[in-house]
Amino acid sequence: MLQRPRITTRSLTYCGILFSAGLLSAGLSPAFAADPTGDWQVEDGVAHIRVAECGGSMWGAVAWEKTPGGIDKNNPDATKKTRPTLGIVTLIDMKKNAANDKWAGQVYNAKDGKFYKSTIKLGDTPDELEIEGCVLGFLCGGQTWTRVGPSIPSSPSNLTAKGALPKAGAATGAKMAPAAGPTVSAATPKAAPAPAAAGAPKAAAPAGQKTATATAPGQPADIGDICLLPEINKVTH
């Protein structure tokens, strides 16, 4: 007569440990490795870079400066030498490489006015972002940035990004709905909003979008949704 093999409590416990470890390595790590969005402090602490997904790629822009009023004086383009560094785009059109949880594109370094081939990825924790860049395949270097803000949900402006919506007049199987009301011409001035009553709560921002808000006294205002910056918006829309 065949006997059913005995499985001891110790064996079950051991298998349970292995199964739990497998879940941690296969499930939890990719969960944070897949999201580099948020506000990050650069290694020397002089600026915060806001990283967000715009049009399917990761982009980054200067969202805060330790010393306000900087200008892009080292830019090789003479027409950009006097533009403010606040709001300047630093991480450019970085595409996901699923094989190694990296995003590859370009980075602009305002300190020397140069563009570098670059990659970004989360470090050992979700609060570290590793930046690597090279000029023409050499002079490579890197930094580790520290998280100072939570992850950012996909921007509402992504709904109109390239390829996200059918082109105007494209066949969709149904007639286009008429406009909800008359449009206002560009020449028609908009009425100024009525001042809010004292103590009234501020209107909530659309989901996934940061509005421009004042920071500490003497510091520049928050730049809000970076996907709406002209330099990014013209590429993704």
# chains A, B, ... in the order shown; residues from 1 in each chain; ligands from 1
$ residues_around --residues "segment 140-149 of chain A" --least-positions-apart "5" --cutoff "6 Å" --atoms "only C-alpha atoms" --output "list in words"
Gly38, Asp39, Trp40, Gln41, Val42, Glu43, Asp127, Glu128, Leu129, Glu130, Ile131, Glu132, Gly133 and Cys134 of chain A
$ atom_distance --atom1 "atom CA of Ile232 of chain A" --atom2 "atom CA of Ser155 of chain A"
12.4 Å
$ residues_around --residues "Gly87 of chain A" --least-positions-apart "3" --cutoff "8 Å" --atoms "only C-alpha atoms" --output "number ranges by chain"
A: 61-63, 84, 223, 226, 229
$ residues_around --residues "Val235 of chain A" --least-positions-apart "3" --cutoff "12 Å" --atoms "only C-alpha atoms" --output "list of chain:residue names"
A:Cys54, A:Gly55, A:Gly56, A:Ser57, A:Trp59, A:Ile92, A:Asp93, A:Asn158, A:Thr160, A:Ala161, A:Lys162, A:Cys227, A:Leu228, A:Leu229, A:Pro230, A:Glu231, A:Ile232
$ atom_distance --atom1 "atom CA of His237 of chain A" --atom2 "atom CA of Asn74 of chain A"
28.5 Å
$ closest_residue --among "A:Lys111, A:Lys66, A:Lys96, A:Arg50" --to "Lys81 of chain A" --atoms "only C-alpha atoms"
A:Lys111
$ atom_distance --atom1 "atom CA of Ile152 of chain A" --atom2 "atom CA of Ser118 of chain A"
21.5 Å
$ residues_around --residues "Asp112 of chain A" --least-positions-apart "3" --cutoff "9 Å" --atoms "only C-alpha atoms" --output "ChimeraX atom specification"
/A:74-75,108-109,115
